[in-house]
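Novice: The structure is given below, and queries will be raised subsequently.
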Amino acid sequence: MRDTKTHGPASNRVTRLVVSVHDVAPATAGQTRRWCADADSLGIPVSLLVIPGPWRGAPLADEPGYAEVLRARAARGDELVLHGWTHRAGPEGSPPRRLLGRLVARGAAEFAALDEAQAADRLARGRAVLAELGLSVRGFTPPGWLASAATDRALARAGFHYTTSHLGVLDLRSGRMRRGFALSHRPGGTGERLGAATMERWARWNAGRGGLIRVALHPDDLARPGLRDAALRAIEAVLAAGGRAVTYSDVVPDTAGSH
């Protein structure tokens, strides 16, 4: 596994940095490659959030060549994380819940209102596709960071080790929450520029304070001027302050001490 990278002065409270690349699928191979190249230039691992089902084009099962790319990334020290099945919200849930999903996740809140059986079915389908392609996952990030309580129960029953939300990383075995707000852009939305500036300021402010900092990178960020640079400056600020870049599995390690 690639060594995690630490810069800057030593600290008794080392800040851990998780950089996640979202919406990894054949349709976004180019954008994912760009973000991974940025991470490689910084010498840090990333957590790759994979959508195995049909999304913006062919499902992962129809693109075995791209699965080989993901296997190679995992061999370099990156982590693969399940990121839904289709990344699209369905008709489930109450009107207020569906409205929340549209506002927060722009229609991507696939797991926000599922019952346990529905969630279990989608999780099983996603993991089965990945397994068939020789890819394994320990964790889950719901699209839009929105998941029902029933989804968390389904994850635990299926043997997933962790899930994430906007606020942190939940160890599904112990119930412990590792707090750490996810910093991300909202390309094209209201407050795009303010959000980009806030990402960098928040990262700099918290870089030397210990704890967990999360920076989430999305393919659509690359289509908007300045968002890539803002994200990279945020990451570099944490590393310069002595932060240690890790994956989600490093934040929630296996009980046996390996993953």
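Residue names in the structure tokens use chain letters A, B, ... in the order shown, residue numbers from 1 in each chain, and ligand numbers from 1 in the order shown.
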Got a sec: who's within 7 Å of Val21 in chain A, counting only C-alpha atoms, leaving out chain neighbours fewer than 5 positions off, as JSON, numbers by chain?
Specialist: {"A": [32, 46, 47, 48, 49, 216, 217, 218]}
Novice: Got a sec: who's within 7 Å of Phe111 in chain A, counting only C-alpha atoms, leaving out chain neighbours fewer than 2 positions off, as a PyMOL selection string?
Specialist: chain A and resi 109+113-114+119+142+146-148+151
Novice: Ranking A:Gly208, A:Gly65, A:Gly57, A:Gly139 by minimum distance to Ala158 in chain A and counting only C-alpha atoms, which one comes first?
Specialist: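 Once distances to Ala158 in chain A are computed over only C-alpha atoms, the minimum belongs to A:Gly139.
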Novice: Taking the DSSP secondary structure from the backbone, can you list the residues of range 136-195 of chain A that are strand (DSSP E or B), as a compact mmCIF listing (two decimals) with N, CA and C atoms, in the first residue's frame?
Specialist:
# COMPACT_ATOMS: atom_id res chain seq x y z
N GLY A 139 -16.78 -0.28 2.81
CA GLY A 139 -17.59 0.83 3.27
C GLY A 139 -18.57 1.31 2.22
N PHE A 140 -19.41 2.24 2.66
CA PHE A 140 -20.49 2.76 1.82
C PHE A 140 -20.64 4.25 2.07
N TYR A 162 -18.39 0.41 7.60
CA TYR A 162 -18.68 1.81 7.90
C TYR A 162 -19.58 2.41 6.83
N THR A 163 -20.18 3.54 7.19
CA THR A 163 -20.88 4.39 6.25
C THR A 163 -20.55 5.82 6.58
N THR A 164 -20.83 6.74 5.66
CA THR A 164 -20.50 8.13 5.89
C THR A 164 -21.72 9.01 5.72
N GLY A 168 -19.72 12.92 9.30
CA GLY A 168 -18.65 12.07 9.76
C GLY A 168 -18.72 10.66 9.20
N VAL A 169 -17.98 9.77 9.86
CA VAL A 169 -17.85 8.37 9.44
C VAL A 169 -18.35 7.50 10.58
N LEU A 170 -19.35 6.68 10.30
CA LEU A 170 -19.97 5.84 11.32
C LEU A 170 -19.43 4.42 11.21
N ASP A 171 -18.82 3.93 12.30
CA ASP A 171 -18.40 2.54 12.41
C ASP A 171 -19.65 1.71 12.68
N MET A 177 -19.08 7.22 16.00
CA MET A 177 -19.01 8.20 14.92
C MET A 177 -17.71 8.98 15.00
N ARG A 178 -16.94 8.96 13.93
CA ARG A 178 -15.76 9.82 13.82
C ARG A 178 -16.20 11.12 13.16
N ARG A 179 -16.22 12.19 13.91
CA ARG A 179 -16.73 13.47 13.41
C ARG A 179 -15.76 14.09 12.41
N ALA A 182 -17.83 16.98 5.73
CA ALA A 182 -17.38 16.80 4.36
C ALA A 182 -17.42 18.12 3.61
N LEU A 183 -16.28 18.58 3.15
CA LEU A 183 -16.18 19.81 2.37
C LEU A 183 -16.32 19.47 0.90
N SER A 184 -17.26 20.10 0.23
CA SER A 184 -17.44 19.83 -1.19
C SER A 184 -17.98 21.07 -1.88
Novice: Would you list the contacts of Glu192 in chain A as a list in words, taking every protein, DNA or RNA residue within 12 Å and counting only C-alpha atoms, but skipping same-chain residues closer than 4 positions in sequence?
Specialist: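 Once the nearby chain positions are removed, what remains is Ser184, His185, Arg186, Pro187, Gly188, Ala196, Ala197, Thr198, Met199, Asp221, Arg224, Pro225, Gly226, Leu227 and Ala230 of chain A.
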Novice: Dump N, CA and C atoms for the selected residues as a PDB file, in the first residue's frame?
Specialist:
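Contents of the output file result_16.pdb:
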ATOM      1  N   SER A 184     -17.256  20.097   0.229  1.00  0.00           N
ATOM      2  CA  SER A 184     -17.444  19.827  -1.195  1.00  0.00           C
ATOM      3  C   SER A 184     -17.982  21.067  -1.883  1.00  0.00           C
ATOM      4  N   HIS A 185     -17.847  21.074  -3.196  1.00  0.00           N
ATOM      5  CA  HIS A 185     -18.375  22.164  -4.003  1.00  0.00           C
ATOM      6  C   HIS A 185     -19.826  21.882  -4.392  1.00  0.00           C
ATOM      7  N   ARG A 186     -20.498  22.930  -4.845  1.00  0.00           N
ATOM      8  CA  ARG A 186     -21.832  22.813  -5.434  1.00  0.00           C
ATOM      9  C   ARG A 186     -21.808  23.529  -6.776  1.00  0.00           C
ATOM     10  N   PRO A 187     -21.217  22.871  -7.783  1.00  0.00           N
ATOM     11  CA  PRO A 187     -20.992  23.560  -9.060  1.00  0.00           C
ATOM     12  C   PRO A 187     -22.284  24.027  -9.711  1.00  0.00           C
ATOM     13  N   GLY A 188     -22.266  25.285 -10.119  1.00  0.00           N
ATOM     14  CA  GLY A 188     -23.405  25.864 -10.796  1.00  0.00           C
ATOM     15  C   GLY A 188     -24.525  26.308  -9.883  1.00  0.00           C
ATOM     16  N   ALA A 196     -16.599  27.758  -2.522  1.00  0.00           N
ATOM     17  CA  ALA A 196     -15.217  27.424  -2.832  1.00  0.00           C
ATOM     18  C   ALA A 196     -14.259  28.114  -1.867  1.00  0.00           C
ATOM     19  N   ALA A 197     -14.528  29.392  -1.585  1.00  0.00           N
ATOM     20  CA  ALA A 197     -13.682  30.122  -0.639  1.00  0.00           C
ATOM     21  C   ALA A 197     -13.803  29.547   0.762  1.00  0.00           C
ATOM     22  N   THR A 198     -15.013  29.136   1.124  1.00  0.00           N
ATOM     23  CA  THR A 198     -15.235  28.569   2.448  1.00  0.00           C
ATOM     24  C   THR A 198     -14.503  27.248   2.609  1.00  0.00           C
ATOM     25  N   MET A 199     -14.473  26.433   1.561  1.00  0.00           N
ATOM     26  CA  MET A 199     -13.746  25.166   1.617  1.00  0.00           C
ATOM     27  C   MET A 199     -12.292  25.399   2.001  1.00  0.00           C
ATOM     28  N   ASP A 221     -17.215  19.166 -10.756  1.00  0.00           N
ATOM     29  CA  ASP A 221     -16.397  20.290 -10.288  1.00  0.00           C
ATOM     30  C   ASP A 221     -15.434  20.763 -11.373  1.00  0.00           C
ATOM     31  N   ARG A 224     -16.300  23.668 -13.879  1.00  0.00           N
ATOM     32  CA  ARG A 224     -16.497  25.033 -13.404  1.00  0.00           C
ATOM     33  C   ARG A 224     -15.145  25.672 -13.088  1.00  0.00           C
ATOM     34  N   PRO A 225     -14.899  26.882 -13.565  1.00  0.00           N
ATOM     35  CA  PRO A 225     -13.598  27.520 -13.350  1.00  0.00           C
ATOM     36  C   PRO A 225     -13.317  27.777 -11.874  1.00  0.00           C
ATOM     37  N   GLY A 226     -12.128  27.407 -11.473  1.00  0.00           N
ATOM     38  CA  GLY A 226     -11.675  27.727 -10.126  1.00  0.00           C
ATOM     39  C   GLY A 226     -11.958  26.664  -9.071  1.00  0.00           C
ATOM     40  N   LEU A 227     -12.887  25.751  -9.311  1.00  0.00           N
ATOM     41  CA  LEU A 227     -13.239  24.803  -8.258  1.00  0.00           C
ATOM     42  C   LEU A 227     -12.130  23.778  -8.017  1.00  0.00           C
ATOM     43  N   ALA A 230      -9.388  25.508  -5.996  1.00  0.00           N
ATOM     44  CA  ALA A 230      -9.791  25.721  -4.612  1.00  0.00           C
ATOM     45  C   ALA A 230      -9.682  24.438  -3.802  1.00  0.00           C
TER      46      ALA A 230
END
Novice: As a PyMOL selection string, which residues of range 78-203 of chain A does DSSP assign to helix (DSSP H, G or I)?
Specialist: chain A and resi 95-105+116-132+143-145+149-157+192-203
Novice: May I have the residues from that selection written out with C-alpha atoms, as a tab-separated table (two decimals), in the first residue's frame?
Specialist:
chain	number	residue	atom	x	y	z
A	95	PRO	CA	-43.05	14.38	-0.07
A	96	PRO	CA	-40.92	16.28	2.48
A	97	ARG	CA	-38.24	13.58	2.34
A	98	ARG	CA	-38.21	13.62	-1.46
A	99	LEU	CA	-38.01	17.43	-1.44
A	100	LEU	CA	-35.01	17.28	0.90
A	101	GLY	CA	-33.31	14.88	-1.47
A	102	ARG	CA	-33.89	17.18	-4.43
A	103	LEU	CA	-32.58	20.22	-2.58
A	104	VAL	CA	-29.57	18.63	-0.91
A	105	ALA	CA	-28.60	15.92	-3.38
A	116	GLU	CA	-34.42	-2.20	4.87
A	117	ALA	CA	-35.38	-4.72	2.20
A	118	GLN	CA	-35.07	-2.16	-0.60
A	119	ALA	CA	-31.71	-0.98	0.66
A	120	ALA	CA	-30.43	-4.53	1.11
A	121	ASP	CA	-31.38	-5.40	-2.47
A	122	ARG	CA	-29.48	-2.46	-3.96
A	123	LEU	CA	-26.47	-3.03	-1.75
A	124	ALA	CA	-26.36	-6.70	-2.73
A	125	ARG	CA	-26.62	-5.90	-6.44
A	126	GLY	CA	-23.84	-3.36	-6.21
A	127	ARG	CA	-21.50	-5.56	-4.25
A	128	ALA	CA	-22.20	-8.55	-6.51
A	129	VAL	CA	-21.17	-6.59	-9.61
A	130	LEU	CA	-17.99	-5.44	-7.92
A	131	ALA	CA	-17.15	-8.94	-6.71
A	132	GLU	CA	-17.67	-10.38	-10.18
A	143	PRO	CA	-25.37	9.41	-2.80
A	144	GLY	CA	-25.84	12.91	-1.45
A	145	TRP	CA	-24.75	11.60	1.97
A	149	ALA	CA	-32.02	4.53	9.26
A	150	ALA	CA	-33.16	1.34	7.55
A	151	THR	CA	-30.23	1.64	5.14
A	152	ASP	CA	-27.81	1.71	8.06
A	153	ARG	CA	-29.42	-1.46	9.44
A	154	ALA	CA	-29.14	-3.14	6.05
A	155	LEU	CA	-25.48	-2.14	5.82
A	156	ALA	CA	-24.71	-3.61	9.23
A	157	ARG	CA	-26.54	-6.85	8.41
A	192	GLU	CA	-20.66	28.49	-5.78
A	193	ARG	CA	-17.85	31.04	-5.31
A	194	LEU	CA	-18.58	31.55	-1.64
A	195	GLY	CA	-18.58	27.79	-1.12
A	196	ALA	CA	-15.22	27.42	-2.83
A	197	ALA	CA	-13.68	30.12	-0.64
A	198	THR	CA	-15.23	28.57	2.45
A	199	MET	CA	-13.75	25.17	1.62
A	200	GLU	CA	-10.25	26.59	1.58
A	201	ARG	CA	-10.73	28.73	4.71
A	202	TRP	CA	-12.26	25.85	6.67
A	203	ALA	CA	-9.41	23.54	5.73
Novice: Hey, can you check how far CA of Trp55 in chain A sits from CA of Glu79 in chain A?
Specialist: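 Going from CA of Trp55 in chain A over to CA of Glu79 in chain A covers 20.8 Å.
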